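Enquirer: One structure coming up, written as structure tokens, with questions to follow.
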Amino acid sequence: MHVLVNAAMSADGKLASYRREQLRISGEMDFDRVDRRRAESDAIMVGVGTVLADDPSLTRFDRNHRDAVGGTGVPARIVADSQGRTPLDAALFDGSAPTYVLTTEAASSDRLEQLEKAGATVVVAGKERVDLTAALSELERDGIETLFVEGGGELIFSLFEADLVDELSVYIGSLLIGGRDAPTLADGEGFVDEFSNLILIGVERLDDGVFLQWSVE
Ligand SMILES: NC(=O)C1=CN([C@@H]2O[C@H](COP(=O)(O)OP(=O)(O)OC[C@H]3O[C@@H](n4cnc5c(N)ncnc54)[C@H](O)[C@@H]3O)[C@@H](O)[C@H]2O)C=CC1
Ligand SMILES: Nc1nc(O)c(N)c(N[C@@H]2O[C@H](COP(=O)(O)O)[C@@H](O)[C@H]2O)n1
């Protein structure tokens, strides 16, 4: 599976303010780029923190680009949600695209049944925290070969920690958010010595920000 992580951050590396409300950092050009990358992907993934904060639908993508690259149907939506906290009335369950909830043995069977009734395909992987390696293997068996991850910081760090990321793309907007509790591009525990090393493969000015692209060593 090819895993591309994408996010928009402020000049000081924040994904949102400490209030964790959805914030528009990208400009039009970056959103167009994101819509093309979504169109090239079999699935779009977020963490449940992002679902609770943003209630994303993840259905916007460039239809013409998808047709041009030979993509069929619509990209699936995936949420990493250890305890099944995704609200049953979340936009992810609007029926417009297949939706997977990756969860764990810690989620109650009642809750998982409710999520399935809401339209989710539930994948149980791991005891307390979603075992991302196992879950992504399961998705691969379902034909998902290209995964576009749109945050947030906890999920992004875990994917790097599990050595699952092939590419990282970041739009840096011209604003400073600040706040020690504001989410950053990679949160979690953080690395102490063996850091993820990146190879810079693209730099571009988009609107009044900068788009950076790395492959992962
Ligand atoms: N500017 C941008 O591009 C984006 C900004 N955001 C912002 O980021 C914030 C949400 O980010 P976070 O709080 O970091 O939440 P997150 O979206 O990374 O979700 C983290 C949650 O996912 C669940 N999870 C399950 N298995 C996991 C695993 N193996 N590793 C990590 N998490 C796992 C846990 O319940 C964990 O609390 C919101 O404020 C949102 O608006 C989110 C996405 C993109
Ligand atoms: N690329 C990008 N730029 C920003 O400024 C953002 N705030 C985000 N957020 C991500 O997009 C999701 C919402 O997508 P839909 O509106 O549902 O299409 C949001 O949940 C974040 O993952 N992205």
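Ordering of the structure tokens sets the chain letters (A, B, ...); residue numbers start at 1 within each chain; ligands are numbered from 1 in the order shown.
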Env of A:Gly126: 12 Å cut, atoms = only C-alpha atoms, seq-sep filter 2 positions within chain, self excluded. Answer as number ranges by chain.
Expert: A: 80-83, 102-107, 123-124, 128-136
Enquirer: Include N, CA, C and O atoms and write out the residues we just selected as a PDB file, in the first residue's frame.
Expert:
```
ATOM      1  N   ALA A  80      -9.629   6.060  12.158  1.00  0.00           N
ATOM      2  CA  ALA A  80      -8.977   5.276  13.224  1.00  0.00           C
ATOM      3  C   ALA A  80      -9.630   5.689  14.529  1.00  0.00           C
ATOM      4  O   ALA A  80      -9.564   6.856  14.935  1.00  0.00           O
ATOM      5  N   ASP A  81     -10.281   4.754  15.189  1.00  0.00           N
ATOM      6  CA  ASP A  81     -11.160   5.085  16.309  1.00  0.00           C
ATOM      7  C   ASP A  81     -11.132   3.936  17.316  1.00  0.00           C
ATOM      8  O   ASP A  81     -11.993   3.045  17.290  1.00  0.00           O
ATOM      9  N   SER A  82     -10.176   3.967  18.248  1.00  0.00           N
ATOM     10  CA  SER A  82      -9.938   2.823  19.140  1.00  0.00           C
ATOM     11  C   SER A  82     -11.165   2.374  19.922  1.00  0.00           C
ATOM     12  O   SER A  82     -11.340   1.194  20.172  1.00  0.00           O
ATOM     13  N   GLN A  83     -12.011   3.361  20.346  1.00  0.00           N
ATOM     14  CA  GLN A  83     -13.125   2.973  21.223  1.00  0.00           C
ATOM     15  C   GLN A  83     -14.501   3.121  20.595  1.00  0.00           C
ATOM     16  O   GLN A  83     -15.514   2.981  21.284  1.00  0.00           O
ATOM     17  N   LEU A 102     -11.783   1.764  11.849  1.00  0.00           N
ATOM     18  CA  LEU A 102     -10.752   0.867  12.376  1.00  0.00           C
ATOM     19  C   LEU A 102     -10.786   0.989  13.891  1.00  0.00           C
ATOM     20  O   LEU A 102     -10.650   2.091  14.435  1.00  0.00           O
ATOM     21  N   THR A 103     -10.989  -0.126  14.586  1.00  0.00           N
ATOM     22  CA  THR A 103     -11.152  -0.035  16.031  1.00  0.00           C
ATOM     23  C   THR A 103     -10.411  -1.176  16.730  1.00  0.00           C
ATOM     24  O   THR A 103      -9.586  -1.843  16.104  1.00  0.00           O
ATOM     25  N   THR A 104     -10.699  -1.360  18.018  1.00  0.00           N
ATOM     26  CA  THR A 104      -9.944  -2.331  18.820  1.00  0.00           C
ATOM     27  C   THR A 104     -10.871  -3.206  19.650  1.00  0.00           C
ATOM     28  O   THR A 104     -12.088  -2.958  19.729  1.00  0.00           O
ATOM     29  N   GLU A 105     -10.263  -4.149  20.322  1.00  0.00           N
ATOM     30  CA  GLU A 105     -11.032  -5.024  21.210  1.00  0.00           C
ATOM     31  C   GLU A 105     -11.598  -4.239  22.395  1.00  0.00           C
ATOM     32  O   GLU A 105     -12.482  -4.723  23.099  1.00  0.00           O
ATOM     33  N   ALA A 106     -11.097  -3.020  22.636  1.00  0.00           N
ATOM     34  CA  ALA A 106     -11.593  -2.206  23.759  1.00  0.00           C
ATOM     35  C   ALA A 106     -12.959  -1.591  23.471  1.00  0.00           C
ATOM     36  O   ALA A 106     -13.640  -1.127  24.390  1.00  0.00           O
ATOM     37  N   ALA A 107     -13.363  -1.566  22.222  1.00  0.00           N
ATOM     38  CA  ALA A 107     -14.677  -0.987  21.889  1.00  0.00           C
ATOM     39  C   ALA A 107     -15.760  -2.013  22.221  1.00  0.00           C
ATOM     40  O   ALA A 107     -15.568  -3.209  22.003  1.00  0.00           O
ATOM     41  N   VAL A 123     -13.423  -2.727  11.268  1.00  0.00           N
ATOM     42  CA  VAL A 123     -12.232  -3.589  11.263  1.00  0.00           C
ATOM     43  C   VAL A 123     -11.628  -3.532  12.670  1.00  0.00           C
ATOM     44  O   VAL A 123     -11.258  -2.447  13.137  1.00  0.00           O
ATOM     45  N   VAL A 124     -11.576  -4.658  13.355  1.00  0.00           N
ATOM     46  CA  VAL A 124     -10.996  -4.691  14.705  1.00  0.00           C
ATOM     47  C   VAL A 124      -9.532  -5.133  14.588  1.00  0.00           C
ATOM     48  O   VAL A 124      -9.234  -6.199  14.063  1.00  0.00           O
ATOM     49  N   GLU A 128      -5.907  -1.974  22.691  1.00  0.00           N
ATOM     50  CA  GLU A 128      -6.338  -0.681  23.229  1.00  0.00           C
ATOM     51  C   GLU A 128      -6.272   0.418  22.184  1.00  0.00           C
ATOM     52  O   GLU A 128      -7.051   1.361  22.202  1.00  0.00           O
ATOM     53  N   ARG A 129      -5.282   0.343  21.299  1.00  0.00           N
ATOM     54  CA  ARG A 129      -5.025   1.338  20.272  1.00  0.00           C
ATOM     55  C   ARG A 129      -5.055   0.624  18.937  1.00  0.00           C
ATOM     56  O   ARG A 129      -4.590  -0.520  18.855  1.00  0.00           O
ATOM     57  N   VAL A 130      -5.572   1.254  17.919  1.00  0.00           N
ATOM     58  CA  VAL A 130      -5.627   0.576  16.624  1.00  0.00           C
ATOM     59  C   VAL A 130      -4.216   0.163  16.194  1.00  0.00           C
ATOM     60  O   VAL A 130      -3.293   0.983  16.177  1.00  0.00           O
ATOM     61  N   ASP A 131      -4.065  -1.124  15.899  1.00  0.00           N
ATOM     62  CA  ASP A 131      -2.811  -1.638  15.343  1.00  0.00           C
ATOM     63  C   ASP A 131      -2.829  -1.269  13.857  1.00  0.00           C
ATOM     64  O   ASP A 131      -3.483  -1.930  13.040  1.00  0.00           O
ATOM     65  N   LEU A 132      -2.144  -0.182  13.544  1.00  0.00           N
ATOM     66  CA  LEU A 132      -2.255   0.381  12.194  1.00  0.00           C
ATOM     67  C   LEU A 132      -1.670  -0.557  11.143  1.00  0.00           C
ATOM     68  O   LEU A 132      -2.187  -0.644  10.028  1.00  0.00           O
ATOM     69  N   THR A 133      -0.610  -1.285  11.497  1.00  0.00           N
ATOM     70  CA  THR A 133      -0.001  -2.210  10.528  1.00  0.00           C
ATOM     71  C   THR A 133      -1.003  -3.298  10.155  1.00  0.00           C
ATOM     72  O   THR A 133      -1.230  -3.580   8.973  1.00  0.00           O
ATOM     73  N   ALA A 134      -1.631  -3.872  11.174  1.00  0.00           N
ATOM     74  CA  ALA A 134      -2.605  -4.943  10.918  1.00  0.00           C
ATOM     75  C   ALA A 134      -3.829  -4.393  10.185  1.00  0.00           C
ATOM     76  O   ALA A 134      -4.335  -5.008   9.239  1.00  0.00           O
ATOM     77  N   ALA A 135      -4.296  -3.223  10.613  1.00  0.00           N
ATOM     78  CA  ALA A 135      -5.513  -2.649  10.004  1.00  0.00           C
ATOM     79  C   ALA A 135      -5.282  -2.312   8.530  1.00  0.00           C
ATOM     80  O   ALA A 135      -6.134  -2.573   7.678  1.00  0.00           O
ATOM     81  N   LEU A 136      -4.113  -1.739   8.232  1.00  0.00           N
ATOM     82  CA  LEU A 136      -3.850  -1.369   6.831  1.00  0.00           C
ATOM     83  C   LEU A 136      -3.692  -2.621   5.951  1.00  0.00           C
ATOM     84  O   LEU A 136      -4.085  -2.614   4.780  1.00  0.00           O
TER      85      LEU A 136
END
```
Enquirer: Among stretch 33-63 of chain A, which residues does DSSP mark as strand (DSSP E or B) when it is run on the backbone? Keep the chain and numbering as in the structure and answer as a PyMOL selection string.
Expert: chain A and resi 43-47
Enquirer: Excluding A:Ala182 and residues on its chain fewer than 5 positions from it, collect all residues at most 12 Å away from it, counting only C-alpha atoms, and give them as a PyMOL selection string.
Expert: chain A and resi 9-10+12-23+152-154+176-177+187
Enquirer: Point out the residue among A:Pro87, A:Gly95, A:Gly173, A:Gly49 with the least atom-to-atom distance to A:Gln114, counting only C-alpha atoms.
Expert: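 Between A:Pro87, A:Gly95, A:Gly173, A:Gly49, the residue approaching A:Gln114 most closely is A:Pro87.
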Enquirer: With only C-alpha atoms and all ligand atoms counted and 10 Å as the cut-off, give the residues of chain A in contact with ligand 2, each with its shortest interatomic distance in Å and the pair that gives it, as JSON lines.
Expert:
```
{"residue": "A:Asn6", "atom": "CA", "partner": "ligand 2", "partner_atom_place_in_ligand_line": "1 (N)", "distance": 6.9}
{"residue": "A:Ala7", "atom": "CA", "partner": "ligand 2", "partner_atom_place_in_ligand_line": "1 (N)", "distance": 5.3}
{"residue": "A:Ala8", "atom": "CA", "partner": "ligand 2", "partner_atom_place_in_ligand_line": "3 (N)", "distance": 4.6}
{"residue": "A:Met9", "atom": "CA", "partner": "ligand 2", "partner_atom_place_in_ligand_line": "5 (O)", "distance": 7.4}
{"residue": "A:Ser10", "atom": "CA", "partner": "ligand 2", "partner_atom_place_in_ligand_line": "5 (O)", "distance": 9.2}
{"residue": "A:Leu15", "atom": "CA", "partner": "ligand 2", "partner_atom_place_in_ligand_line": "7 (N)", "distance": 7.4}
{"residue": "A:Ala16", "atom": "CA", "partner": "ligand 2", "partner_atom_place_in_ligand_line": "7 (N)", "distance": 7.6}
{"residue": "A:Glu21", "atom": "CA", "partner": "ligand 2", "partner_atom_place_in_ligand_line": "7 (N)", "distance": 9.2}
{"residue": "A:Gln22", "atom": "CA", "partner": "ligand 2", "partner_atom_place_in_ligand_line": "7 (N)", "distance": 5.8}
{"residue": "A:Leu23", "atom": "CA", "partner": "ligand 2", "partner_atom_place_in_ligand_line": "7 (N)", "distance": 4.8}
{"residue": "A:Arg24", "atom": "CA", "partner": "ligand 2", "partner_atom_place_in_ligand_line": "5 (O)", "distance": 3.8}
{"residue": "A:Ile25", "atom": "CA", "partner": "ligand 2", "partner_atom_place_in_ligand_line": "5 (O)", "distance": 3.4}
{"residue": "A:Ser26", "atom": "CA", "partner": "ligand 2", "partner_atom_place_in_ligand_line": "5 (O)", "distance": 3.9}
{"residue": "A:Gly27", "atom": "CA", "partner": "ligand 2", "partner_atom_place_in_ligand_line": "5 (O)", "distance": 7.3}
{"residue": "A:Glu28", "atom": "CA", "partner": "ligand 2", "partner_atom_place_in_ligand_line": "3 (N)", "distance": 9.4}
{"residue": "A:Asp30", "atom": "CA", "partner": "ligand 2", "partner_atom_place_in_ligand_line": "1 (N)", "distance": 6.6}
{"residue": "A:Phe31", "atom": "CA", "partner": "ligand 2", "partner_atom_place_in_ligand_line": "1 (N)", "distance": 5.8}
{"residue": "A:Asp32", "atom": "CA", "partner": "ligand 2", "partner_atom_place_in_ligand_line": "1 (N)", "distance": 9.1}
{"residue": "A:Arg33", "atom": "CA", "partner": "ligand 2", "partner_atom_place_in_ligand_line": "1 (N)", "distance": 8.5}
{"residue": "A:Val34", "atom": "CA", "partner": "ligand 2", "partner_atom_place_in_ligand_line": "1 (N)", "distance": 6.0}
{"residue": "A:Asp35", "atom": "CA", "partner": "ligand 2", "partner_atom_place_in_ligand_line": "18 (O)", "distance": 8.5}
{"residue": "A:Arg38", "atom": "CA", "partner": "ligand 2", "partner_atom_place_in_ligand_line": "18 (O)", "distance": 9.5}
{"residue": "A:Ile44", "atom": "CA", "partner": "ligand 2", "partner_atom_place_in_ligand_line": "22 (O)", "distance": 9.1}
{"residue": "A:Met45", "atom": "CA", "partner": "ligand 2", "partner_atom_place_in_ligand_line": "22 (O)", "distance": 8.2}
{"residue": "A:Val46", "atom": "CA", "partner": "ligand 2", "partner_atom_place_in_ligand_line": "22 (O)", "distance": 6.1}
{"residue": "A:Gly47", "atom": "CA", "partner": "ligand 2", "partner_atom_place_in_ligand_line": "22 (O)", "distance": 8.5}
{"residue": "A:Val48", "atom": "CA", "partner": "ligand 2", "partner_atom_place_in_ligand_line": "20 (O)", "distance": 9.7}
{"residue": "A:Gly49", "atom": "CA", "partner": "ligand 2", "partner_atom_place_in_ligand_line": "20 (O)", "distance": 9.3}
{"residue": "A:Thr50", "atom": "CA", "partner": "ligand 2", "partner_atom_place_in_ligand_line": "20 (O)", "distance": 5.5}
{"residue": "A:Val51", "atom": "CA", "partner": "ligand 2", "partner_atom_place_in_ligand_line": "20 (O)", "distance": 6.4}
{"residue": "A:Leu52", "atom": "CA", "partner": "ligand 2", "partner_atom_place_in_ligand_line": "20 (O)", "distance": 9.1}
{"residue": "A:Ala53", "atom": "CA", "partner": "ligand 2", "partner_atom_place_in_ligand_line": "20 (O)", "distance": 7.7}
{"residue": "A:Asp54", "atom": "CA", "partner": "ligand 2", "partner_atom_place_in_ligand_line": "20 (O)", "distance": 5.0}
{"residue": "A:Asp55", "atom": "CA", "partner": "ligand 2", "partner_atom_place_in_ligand_line": "20 (O)", "distance": 6.4}
{"residue": "A:Pro56", "atom": "CA", "partner": "ligand 2", "partner_atom_place_in_ligand_line": "17 (O)", "distance": 3.5}
{"residue": "A:Ser57", "atom": "CA", "partner": "ligand 2", "partner_atom_place_in_ligand_line": "17 (O)", "distance": 3.7}
{"residue": "A:Leu58", "atom": "CA", "partner": "ligand 2", "partner_atom_place_in_ligand_line": "17 (O)", "distance": 3.8}
{"residue": "A:Thr59", "atom": "CA", "partner": "ligand 2", "partner_atom_place_in_ligand_line": "18 (O)", "distance": 5.7}
{"residue": "A:Arg60", "atom": "CA", "partner": "ligand 2", "partner_atom_place_in_ligand_line": "18 (O)", "distance": 4.9}
{"residue": "A:Phe61", "atom": "CA", "partner": "ligand 2", "partner_atom_place_in_ligand_line": "18 (O)", "distance": 7.8}
{"residue": "A:Ala91", "atom": "CA", "partner": "ligand 2", "partner_atom_place_in_ligand_line": "17 (O)", "distance": 8.1}
{"residue": "A:Leu92", "atom": "CA", "partner": "ligand 2", "partner_atom_place_in_ligand_line": "17 (O)", "distance": 8.5}
{"residue": "A:Val149", "atom": "CA", "partner": "ligand 2", "partner_atom_place_in_ligand_line": "22 (O)", "distance": 8.0}
{"residue": "A:Glu150", "atom": "CA", "partner": "ligand 2", "partner_atom_place_in_ligand_line": "22 (O)", "distance": 4.4}
{"residue": "A:Gly151", "atom": "CA", "partner": "ligand 2", "partner_atom_place_in_ligand_line": "22 (O)", "distance": 5.3}
{"residue": "A:Gly152", "atom": "CA", "partner": "ligand 2", "partner_atom_place_in_ligand_line": "22 (O)", "distance": 6.6}
{"residue": "A:Ser169", "atom": "CA", "partner": "ligand 2", "partner_atom_place_in_ligand_line": "1 (N)", "distance": 9.7}
{"residue": "A:Val170", "atom": "CA", "partner": "ligand 2", "partner_atom_place_in_ligand_line": "1 (N)", "distance": 8.2}
{"residue": "A:Tyr171", "atom": "CA", "partner": "ligand 2", "partner_atom_place_in_ligand_line": "1 (N)", "distance": 7.3}
{"residue": "A:Ile172", "atom": "CA", "partner": "ligand 2", "partner_atom_place_in_ligand_line": "5 (O)", "distance": 9.3}
{"residue": "A:Gly173", "atom": "CA", "partner": "ligand 2", "partner_atom_place_in_ligand_line": "5 (O)", "distance": 8.2}
```
Enquirer: What does the distance between atom CA of A:Met29 and atom CA of A:Leu206 come to in Å, to one decimal place?
Expert: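 Between atom CA of A:Met29 and atom CA of A:Leu206 the gap is 6.0 Å.
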Enquirer: Could you jot down the atom CA of A:Leu198 to atom CA of A:Arg77 separation for me, Å, one decimal place?
Expert: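 About the pair atom CA of A:Leu198 and atom CA of A:Arg77: they are 26.7 Å apart.
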Enquirer: Expressed in Å to a single decimal, how great is the separation between atom 4 (C, counted along the ligand's line) of ligand 1 and atom CA of A:Arg37?
Expert: 15.5 Å
Enquirer: Enumerate as a PyMOL selection string all residues of stretch 7-105 of chain A assigned to helix (DSSP H, G or I) by DSSP on the backbone, naming them with the chain letters and numbers the document uses.
Expert: chain A and resi 28-39+48-54+63-68+91-93
Enquirer: Pick out the closest residue to A:Gly71 from this set: A:Glu145, A:Asp94, A:Asp89, A:Asp110. Count only C-alpha atoms.
Expert: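 That would be A:Glu145, the residue with the smallest distance to A:Gly71.
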